[in-house]
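**Q** Below you will find the structure I want to go over with you.
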Amino acid sequence: MARYIFITGGVVSSLGKGLASAALGALLQARGFSVRLRKLDPYLNVDPGTMSPFEHGEVFVTDDGAETDLDLGHYERFTGVAARKTDSVSSGRIYSTVLEKERRGDYLGKTIQVIPHVTNEIKDWIAIGDDEVDFMLCEIGGTVGDIEGLPFFEAIRQFGQERPRGEVIYMHLTLLPWLAASGELKTKPTQHSVKELRSIGIAPDILVCRSERQIPDKERGKLALFCNVRPDAVIAAYDLKSIYEAPLAYHREGLDQAVLDAFGISPAPRPNLARWEDVADRIFNPEGEVKIAIVGKYTQLEDAYKSIAEALTHGGMANRVKVNVEWVEAELFEREDPAPYLEGFHAILVPGGFGERGTEGKIRAAQFARTRKIPYLGICLGMQMAVIEAARNLAGLESAGSQEFDHEAGAARFEPVIFHLKEWVKDNQKIARDVLDDKGGTMRLGAFPAVLREGSKVAEVYGETRISERHRHRYEVDIKYRERLEKEGLRFTGLSPDGRLPEIVEVADHPWFIGVQFHPELKSKPFAPHPLFKDFVRAAKEVSRLV
Ligand code: GLN
């Protein structure tokens, strides 16, 4: 049976609960324990797949095809443990499961209520895979006191009550605001937040306090006294220059020790932090800098491309350079020549996206990178746009486009080089889709294998010819254009094992131009940078040396 750590938040949102959970996971691993991290989200969407990136940031996709919260990306980047479908659950998912059961008659005539039916469903979810790891870390989204969060808080309270003593602990993250006028850190909001938590029956074992300033012993003592925690279980969380410093910083503040103490694990195994020391060394001691443009459409909210930004940082760490990312709005290039905007960059990345807005601008960015021989990485939509660009400007298919933007154009002249895929196979099962299907959870989702062509650039980059990468898209490059495009220098160097779906394209006569239908950024880690990002940044570094 696993031990459980429930992580809740109070005072304000966006305190970095996800990061604290991920860093704690990494620290427990450093002491030799196995971990799994979970996120319980109070919102009513069944999953974040249908939410705009502006609302919720990036959608993180798991190998088994779930569209999940971006915090799962943090968990994976810090622990290297591949997240699963069962590691992310929302109120929407819980309620729809309960209602399905009710319709099926599973409750045998009972009145269905939040307690016990909804809370039982949550508890069952929390305990999935209980026997597989030493520690299960479950983060509750939102802050204590939110109406929609109540069933989750009630469920974790019951969970702790039902398990043997000492096998469940609660960690609460709060903020100590700094009042410049009086020159003080204030503990009152934290006291109130803990009071709120205790009023619903949860007494935190550990307090993690975000603070801009050093927390004086006097305040620490006050927090311990009023919040009923041990003084060494009041952990300071100061602002960091890099998120990858978090495991070392939390260790310094005693978080992992406090957690082991709370469980009564003694003597505590000594931590091996070599991995994180190396990561910090690479982050803080770069030997150069590169400038990379991301030409996208959700550029006002960096969280929309969270994993890409992180994967670029990892690529920089592998090459000992700092990657300076600049976000460029693709729509700009529909009105203006990209050259003056993109000339100073050492590489260009066009990320994934949905809908037509900005796509002609992305096509022009791809053209600029191809013709100027600047390293280009096209991800998902960024690959599709590079294929359209090559079809139009290399193969002379002027009306090449995607069915995503031009449903009616079936007739006259339209060349759907990107088409709507209606049938595919996942884990030996046939999946069929139609244009009118629901939008939620119906894309080609999760890990799919690809076979790389011997001798190609990507085979060299990966160092192998069979790979598996995560997908999230509805449209595909049509294999029937392969011969025409290959003749003009756009090589299809990665295909699905049955040879029907193009997974990777590269431009032959170019130092580094690769488009991938999948999302390599989702599998990159600071201690194991993804080969594509590692080599893309290496190519950018080479360009930076030439200029
Ligand atoms: N909109 C495109 C598709 O559905 C690309 C999706 C993506 O970039 N993730 O195929």
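Residue numbers start at 1 in each chain; chains themselves are named A, B, ... in the order of the structure tokens; ligands are numbered from 1 in the order shown.
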Using DSSP secondary structure from the backbone, list all alpha helix (DSSP H) positions within segment 314-441 of chain A, as an NGL selection string.
**A** :A and (314-319 or 332-335 or 339-342 or 359-372 or 381-393)
**Q** For segment 20-28 of chain A, work out the shell of residues within 8 Å, counting only C-alpha atoms and skipping chain neighbours fewer than 2 positions away, then give it as a PDB file with N, CA and C atoms, in the first residue's frame.
**A**
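Written out: part.pdb:
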```pdb
ATOM      1  N   ILE A   7      -1.811  17.509  -1.325  1.00  0.00           N
ATOM      2  CA  ILE A   7      -1.277  18.865  -1.393  1.00  0.00           C
ATOM      3  C   ILE A   7      -2.413  19.833  -1.719  1.00  0.00           C
ATOM      4  N   GLY A  16       2.165  27.877  -7.077  1.00  0.00           N
ATOM      5  CA  GLY A  16       3.166  26.888  -7.476  1.00  0.00           C
ATOM      6  C   GLY A  16       3.021  25.567  -6.734  1.00  0.00           C
ATOM      7  N   LYS A  17       1.750  25.171  -6.510  1.00  0.00           N
ATOM      8  CA  LYS A  17       1.491  23.873  -5.872  1.00  0.00           C
ATOM      9  C   LYS A  17       2.021  22.740  -6.735  1.00  0.00           C
ATOM     10  N   GLY A  18       1.805  22.900  -8.042  1.00  0.00           N
ATOM     11  CA  GLY A  18       2.241  21.854  -8.975  1.00  0.00           C
ATOM     12  C   GLY A  18       3.742  21.672  -8.907  1.00  0.00           C
ATOM     13  N   ALA A  30      14.952  10.865  -4.949  1.00  0.00           N
ATOM     14  CA  ALA A  30      16.381  10.991  -4.648  1.00  0.00           C
ATOM     15  C   ALA A  30      16.741  10.214  -3.377  1.00  0.00           C
ATOM     16  N   ARG A  31      15.727   9.912  -2.570  1.00  0.00           N
ATOM     17  CA  ARG A  31      15.985   9.114  -1.360  1.00  0.00           C
ATOM     18  C   ARG A  31      15.643   7.643  -1.590  1.00  0.00           C
ATOM     19  N   GLY A  32      15.426   7.317  -2.843  1.00  0.00           N
ATOM     20  CA  GLY A  32      15.254   5.906  -3.193  1.00  0.00           C
ATOM     21  C   GLY A  32      13.821   5.395  -3.207  1.00  0.00           C
ATOM     22  N   PHE A  33      12.833   6.290  -3.043  1.00  0.00           N
ATOM     23  CA  PHE A  33      11.441   5.839  -3.049  1.00  0.00           C
ATOM     24  C   PHE A  33      10.828   5.953  -4.451  1.00  0.00           C
ATOM     25  N   SER A  34       9.808   5.145  -4.717  1.00  0.00           N
ATOM     26  CA  SER A  34       9.076   5.300  -5.983  1.00  0.00           C
ATOM     27  C   SER A  34       7.849   6.180  -5.740  1.00  0.00           C
ATOM     28  N   VAL A  35       7.497   6.980  -6.732  1.00  0.00           N
ATOM     29  CA  VAL A  35       6.383   7.921  -6.553  1.00  0.00           C
ATOM     30  C   VAL A  35       5.466   7.932  -7.777  1.00  0.00           C
ATOM     31  N   ARG A  36       4.250   8.401  -7.555  1.00  0.00           N
ATOM     32  CA  ARG A  36       3.336   8.758  -8.644  1.00  0.00           C
ATOM     33  C   ARG A  36       2.619  10.022  -8.211  1.00  0.00           C
ATOM     34  N   LEU A  37       2.425  10.934  -9.168  1.00  0.00           N
ATOM     35  CA  LEU A  37       1.758  12.191  -8.834  1.00  0.00           C
ATOM     36  C   LEU A  37       0.420  12.289  -9.550  1.00  0.00           C
ATOM     37  N   HIS A  74       4.743  19.159 -15.415  1.00  0.00           N
ATOM     38  CA  HIS A  74       5.736  19.386 -14.357  1.00  0.00           C
ATOM     39  C   HIS A  74       6.092  18.068 -13.688  1.00  0.00           C
ATOM     40  N   TYR A  75       5.076  17.303 -13.333  1.00  0.00           N
ATOM     41  CA  TYR A  75       5.321  16.037 -12.619  1.00  0.00           C
ATOM     42  C   TYR A  75       6.286  15.163 -13.426  1.00  0.00           C
ATOM     43  N   GLU A  76       5.995  15.067 -14.720  1.00  0.00           N
ATOM     44  CA  GLU A  76       6.844  14.201 -15.561  1.00  0.00           C
ATOM     45  C   GLU A  76       8.239  14.759 -15.705  1.00  0.00           C
ATOM     46  N   PHE A  78       9.914  16.489 -13.660  1.00  0.00           N
ATOM     47  CA  PHE A  78      10.718  16.385 -12.437  1.00  0.00           C
ATOM     48  C   PHE A  78      10.965  14.952 -11.990  1.00  0.00           C
ATOM     49  N   THR A  79      10.042  14.048 -12.321  1.00  0.00           N
ATOM     50  CA  THR A  79      10.226  12.685 -11.807  1.00  0.00           C
ATOM     51  C   THR A  79      10.563  11.686 -12.909  1.00  0.00           C
ATOM     52  N   LEU A 137       1.350  11.169  -4.519  1.00  0.00           N
ATOM     53  CA  LEU A 137       1.195  12.591  -4.201  1.00  0.00           C
ATOM     54  C   LEU A 137      -0.015  13.108  -4.963  1.00  0.00           C
ATOM     55  N   GLU A 139      -2.431  16.329  -5.723  1.00  0.00           N
ATOM     56  CA  GLU A 139      -2.610  17.774  -5.603  1.00  0.00           C
ATOM     57  C   GLU A 139      -4.072  18.116  -5.893  1.00  0.00           C
ATOM     58  N   ALA A 246      14.137  24.103  -7.862  1.00  0.00           N
ATOM     59  CA  ALA A 246      13.178  23.799  -6.791  1.00  0.00           C
ATOM     60  C   ALA A 246      13.552  22.576  -5.950  1.00  0.00           C
ATOM     61  N   PRO A 247      13.940  21.444  -6.555  1.00  0.00           N
ATOM     62  CA  PRO A 247      14.269  20.301  -5.671  1.00  0.00           C
ATOM     63  C   PRO A 247      15.376  20.650  -4.675  1.00  0.00           C
ATOM     64  N   TYR A 250      13.991  23.231  -2.031  1.00  0.00           N
ATOM     65  CA  TYR A 250      13.098  22.615  -1.044  1.00  0.00           C
ATOM     66  C   TYR A 250      13.869  21.685  -0.105  1.00  0.00           C
ATOM     67  N   HIS A 251      14.896  21.054  -0.644  1.00  0.00           N
ATOM     68  CA  HIS A 251      15.698  20.177   0.217  1.00  0.00           C
ATOM     69  C   HIS A 251      16.416  21.021   1.278  1.00  0.00           C
ATOM     70  N   LEU A 255      12.099  20.275   3.318  1.00  0.00           N
ATOM     71  CA  LEU A 255      10.781  19.718   2.988  1.00  0.00           C
ATOM     72  C   LEU A 255      10.768  18.189   3.023  1.00  0.00           C
ATOM     73  N   ASP A 256      11.728  17.565   2.346  1.00  0.00           N
ATOM     74  CA  ASP A 256      11.686  16.090   2.293  1.00  0.00           C
ATOM     75  C   ASP A 256      11.880  15.491   3.692  1.00  0.00           C
ATOM     76  N   PRO A 271      19.673  11.347   0.769  1.00  0.00           N
ATOM     77  CA  PRO A 271      19.324  11.680  -0.614  1.00  0.00           C
ATOM     78  C   PRO A 271      20.541  11.722  -1.537  1.00  0.00           C
ATOM     79  N   LEU A 273      21.438  13.784  -4.635  1.00  0.00           N
ATOM     80  CA  LEU A 273      20.925  14.923  -5.404  1.00  0.00           C
ATOM     81  C   LEU A 273      21.788  15.256  -6.619  1.00  0.00           C
TER      82      LEU A 273
END
```
**Q** Find, counting only C-alpha atoms, the residue in A:Glu334, A:Glu55, A:Glu343, A:Asp87 that gets nearest to Arg364 of chain A.
**A**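 Of A:Glu334, A:Glu55, A:Glu343, A:Asp87, the one nearest Arg364 of chain A is A:Glu334, counting only C-alpha atoms.
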**Q** Kindly compile the residues surrounding ligand 1 within 10 Å, counting only C-alpha atoms and all ligand atoms, and format them as a PyMOL selection string.
**A** chain A and resi 59+350-356+378-385+402-405+418-421+443-445+471-477+516-519
**Q** Find the residue from A:Glu253, A:Glu121, A:Asp261, A:Glu67 that sits nearest to Ile94 of chain A; use only C-alpha atoms when measuring.
**A**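 Looking at the shortest contact to Ile94 of chain A, the residue is A:Glu121.
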**Q** Select from segment 158-260 of chain A everything DSSP, run on the backbone, classes as strand (DSSP E), then give the selection as a list of chain:residue names.
**A** A:Val168, A:Ile169, A:Tyr170, A:Met171, A:His172, A:Leu173, A:Thr174, A:Leu175, A:Trp178, A:Leu179, A:Glu184, A:Leu185, A:Ile206, A:Leu207, A:Val208, A:Cys209, A:Arg210, A:Ser211, A:Val234, A:Ile235, A:Ala236, A:Ala237, A:Tyr238
**Q** Write the residues you've just listed into a file as a PDB file, in the first residue's frame, and include N, CA and C atoms for each of them.
**A**
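Result file follows (part-v2.pdb):
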```
ATOM      1  N   VAL A 168      -1.132   8.743   5.811  1.00  0.00           N
ATOM      2  CA  VAL A 168      -1.623   9.849   4.990  1.00  0.00           C
ATOM      3  C   VAL A 168      -1.205  11.154   5.645  1.00  0.00           C
ATOM      4  N   ILE A 169      -0.619  12.057   4.879  1.00  0.00           N
ATOM      5  CA  ILE A 169      -0.348  13.387   5.451  1.00  0.00           C
ATOM      6  C   ILE A 169      -0.892  14.477   4.518  1.00  0.00           C
ATOM      7  N   TYR A 170      -1.032  15.659   5.083  1.00  0.00           N
ATOM      8  CA  TYR A 170      -1.573  16.787   4.338  1.00  0.00           C
ATOM      9  C   TYR A 170      -0.556  17.924   4.342  1.00  0.00           C
ATOM     10  N   MET A 171      -0.337  18.466   3.161  1.00  0.00           N
ATOM     11  CA  MET A 171       0.622  19.564   3.045  1.00  0.00           C
ATOM     12  C   MET A 171      -0.128  20.747   2.436  1.00  0.00           C
ATOM     13  N   HIS A 172       0.001  21.893   3.067  1.00  0.00           N
ATOM     14  CA  HIS A 172      -0.786  23.053   2.643  1.00  0.00           C
ATOM     15  C   HIS A 172       0.147  24.180   2.210  1.00  0.00           C
ATOM     16  N   LEU A 173      -0.123  24.729   1.044  1.00  0.00           N
ATOM     17  CA  LEU A 173       0.728  25.776   0.489  1.00  0.00           C
ATOM     18  C   LEU A 173       0.035  27.133   0.604  1.00  0.00           C
ATOM     19  N   THR A 174       0.728  28.091   1.190  1.00  0.00           N
ATOM     20  CA  THR A 174       0.089  29.406   1.347  1.00  0.00           C
ATOM     21  C   THR A 174       1.075  30.520   1.004  1.00  0.00           C
ATOM     22  N   LEU A 175       0.599  31.739   1.183  1.00  0.00           N
ATOM     23  CA  LEU A 175       1.420  32.908   0.875  1.00  0.00           C
ATOM     24  C   LEU A 175       1.582  33.772   2.122  1.00  0.00           C
ATOM     25  N   TRP A 178       4.102  40.397   2.011  1.00  0.00           N
ATOM     26  CA  TRP A 178       5.040  41.344   2.601  1.00  0.00           C
ATOM     27  C   TRP A 178       4.390  42.722   2.589  1.00  0.00           C
ATOM     28  N   LEU A 179       4.282  43.330   3.761  1.00  0.00           N
ATOM     29  CA  LEU A 179       3.714  44.676   3.827  1.00  0.00           C
ATOM     30  C   LEU A 179       4.848  45.690   3.920  1.00  0.00           C
ATOM     31  N   GLU A 184       6.758  44.175   7.303  1.00  0.00           N
ATOM     32  CA  GLU A 184       6.492  42.881   7.957  1.00  0.00           C
ATOM     33  C   GLU A 184       5.971  41.842   6.974  1.00  0.00           C
ATOM     34  N   LEU A 185       6.275  40.587   7.299  1.00  0.00           N
ATOM     35  CA  LEU A 185       5.623  39.477   6.609  1.00  0.00           C
ATOM     36  C   LEU A 185       4.377  39.142   7.410  1.00  0.00           C
ATOM     37  N   ILE A 206       2.142  19.736   7.232  1.00  0.00           N
ATOM     38  CA  ILE A 206       3.247  20.546   6.735  1.00  0.00           C
ATOM     39  C   ILE A 206       2.699  21.822   6.106  1.00  0.00           C
ATOM     40  N   LEU A 207       3.345  22.919   6.398  1.00  0.00           N
ATOM     41  CA  LEU A 207       2.958  24.198   5.777  1.00  0.00           C
ATOM     42  C   LEU A 207       4.096  24.631   4.883  1.00  0.00           C
ATOM     43  N   VAL A 208       3.774  24.900   3.625  1.00  0.00           N
ATOM     44  CA  VAL A 208       4.791  25.450   2.729  1.00  0.00           C
ATOM     45  C   VAL A 208       4.389  26.893   2.458  1.00  0.00           C
ATOM     46  N   CYS A 209       5.270  27.827   2.817  1.00  0.00           N
ATOM     47  CA  CYS A 209       4.893  29.238   2.744  1.00  0.00           C
ATOM     48  C   CYS A 209       5.696  29.969   1.681  1.00  0.00           C
ATOM     49  N   ARG A 210       4.986  30.423   0.664  1.00  0.00           N
ATOM     50  CA  ARG A 210       5.648  31.245  -0.340  1.00  0.00           C
ATOM     51  C   ARG A 210       5.913  32.617   0.258  1.00  0.00           C
ATOM     52  N   SER A 211       7.101  33.130   0.016  1.00  0.00           N
ATOM     53  CA  SER A 211       7.428  34.434   0.571  1.00  0.00           C
ATOM     54  C   SER A 211       8.534  35.091  -0.240  1.00  0.00           C
ATOM     55  N   VAL A 234       7.323  23.960   9.082  1.00  0.00           N
ATOM     56  CA  VAL A 234       7.000  25.212   8.379  1.00  0.00           C
ATOM     57  C   VAL A 234       8.127  25.432   7.372  1.00  0.00           C
ATOM     58  N   ILE A 235       7.815  25.226   6.110  1.00  0.00           N
ATOM     59  CA  ILE A 235       8.847  25.244   5.076  1.00  0.00           C
ATOM     60  C   ILE A 235       8.725  26.512   4.241  1.00  0.00           C
ATOM     61  N   ALA A 236       9.842  27.198   4.097  1.00  0.00           N
ATOM     62  CA  ALA A 236       9.822  28.425   3.291  1.00  0.00           C
ATOM     63  C   ALA A 236      10.004  28.094   1.814  1.00  0.00           C
ATOM     64  N   ALA A 237       9.239  28.792   0.981  1.00  0.00           N
ATOM     65  CA  ALA A 237       9.400  28.643  -0.469  1.00  0.00           C
ATOM     66  C   ALA A 237       9.658  30.028  -1.038  1.00  0.00           C
ATOM     67  N   TYR A 238      10.915  30.309  -1.318  1.00  0.00           N
ATOM     68  CA  TYR A 238      11.272  31.624  -1.839  1.00  0.00           C
ATOM     69  C   TYR A 238      11.236  31.609  -3.364  1.00  0.00           C
TER      70      TYR A 238
END
```
**Q** Counting only C-alpha atoms, figure out which residue out of A:Phe414, A:Tyr95, A:Phe333, A:Trp276 gets nearest to Gly358 of chain A.
**A**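 With only C-alpha atoms as the atom set, the closest residue is A:Phe333.
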**Q** Please provide the set of residues having any atom within 12 Å of Asp146 of chain A, restricted to only C-alpha atoms, with same-chain residues fewer than 6 positions apart removed, written as a CSV table (one decimal) with N, CA and C atoms, in the first residue's frame.
**A**
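Output file out-v3.csv follows:
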```csv
chain,number,residue,atom,x,y,z
A,8,THR,N,-2.6,20.8,-0.8
A,8,THR,CA,-3.7,21.7,-1.0
A,8,THR,C,-3.1,23.1,-1.0
A,9,GLY,N,-4.0,24.1,-1.4
A,9,GLY,CA,-3.5,25.5,-1.5
A,9,GLY,C,-4.4,26.4,-0.8
A,10,GLY,N,-3.9,27.5,-0.3
A,10,GLY,CA,-4.8,28.5,0.3
A,10,GLY,C,-4.3,29.9,0.1
A,11,VAL,N,-5.0,30.9,0.5
A,11,VAL,CA,-4.8,32.4,0.4
A,11,VAL,C,-5.0,32.9,-1.0
A,12,VAL,N,-4.1,32.5,-1.9
A,12,VAL,CA,-4.4,32.8,-3.3
A,12,VAL,C,-4.0,31.6,-4.2
A,13,SER,N,-4.4,31.7,-5.5
A,13,SER,CA,-4.1,30.6,-6.4
A,13,SER,C,-2.7,31.0,-7.1
A,41,ASP,N,-8.8,18.1,-10.1
A,41,ASP,CA,-9.3,19.4,-10.5
A,41,ASP,C,-10.8,19.6,-10.3
A,42,PRO,N,-11.1,20.7,-9.6
A,42,PRO,CA,-12.5,20.9,-9.3
A,42,PRO,C,-13.4,21.4,-10.5
A,43,TYR,N,-12.8,21.8,-11.6
A,43,TYR,CA,-13.7,22.4,-12.6
A,43,TYR,C,-14.6,21.3,-13.3
A,140,ILE,N,-4.6,19.0,-5.0
A,140,ILE,CA,-6.0,19.4,-5.3
A,140,ILE,C,-6.0,20.8,-5.9
A,152,PHE,N,-13.9,17.3,-3.1
A,152,PHE,CA,-12.6,16.8,-3.1
A,152,PHE,C,-11.9,16.9,-1.7
A,153,PHE,N,-12.1,18.0,-1.0
A,153,PHE,CA,-11.6,18.1,0.3
A,153,PHE,C,-12.2,17.1,1.3
A,193,SER,N,-6.4,30.6,6.5
A,193,SER,CA,-6.5,29.5,5.5
A,193,SER,C,-6.5,28.1,6.2
A,196,GLU,N,-9.7,27.5,7.9
A,196,GLU,CA,-10.7,27.0,7.0
A,196,GLU,C,-10.5,25.5,6.7
A,197,LEU,N,-9.3,25.1,6.5
A,197,LEU,CA,-9.0,23.7,6.3
A,197,LEU,C,-9.4,22.8,7.5
```
**Q** Between atom CA of Arg470 of chain A and atom CA of Val61 of chain A, what is the distance, to one decimal in Å?
**A**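 If I compute the distance from atom CA of Arg470 of chain A to atom CA of Val61 of chain A, I get 6.9 Å.
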**Q** What does the structure give for the distance between atom CA of Ile147 of chain A and atom CA of Glu162 of chain A, in Å to one decimal?
**A** 24.1 Å
**Q** Which residue gives the smallest distance to Ser90 of chain A among A:Gly73, A:Pro449, A:Gly141, A:Gly515, with only C-alpha atoms counted?
**A** A:Gly141
**Q** Find the distance between atom CA of Ile479 of chain A and atom CA of Ala386 of chain A and write it in Å to one decimal.
**A**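 Separation of atom CA of Ile479 of chain A and atom CA of Ala386 of chain A: 14.8 Å.
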**Q** So, counting only C-alpha atoms, which residue among A:Arg335, A:Lys322, A:Lys218, A:Lys306 is closest to Leu522 of chain A?
**A**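 Nearest to Leu522 of chain A: A:Lys306.
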**Q** Show which residues sit within 8 Å of segment 44-50 of chain A, as a ChimeraX atom specification. Count only C-alpha atoms, and ignore same-chain residues fewer than 2 positions away.
**A** /A:42,52,56,59,67-69,89-93,96,439-441
**Q** For a quick check of understanding, using only C-alpha atoms, which of A:Ile265, A:Ile374, A:Ile128, A:Met1 has the smallest distance to Asp509 of chain A?
**A**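 Among A:Ile265, A:Ile374, A:Ile128, A:Met1, it is A:Ile374 that comes nearest to Asp509 of chain A.
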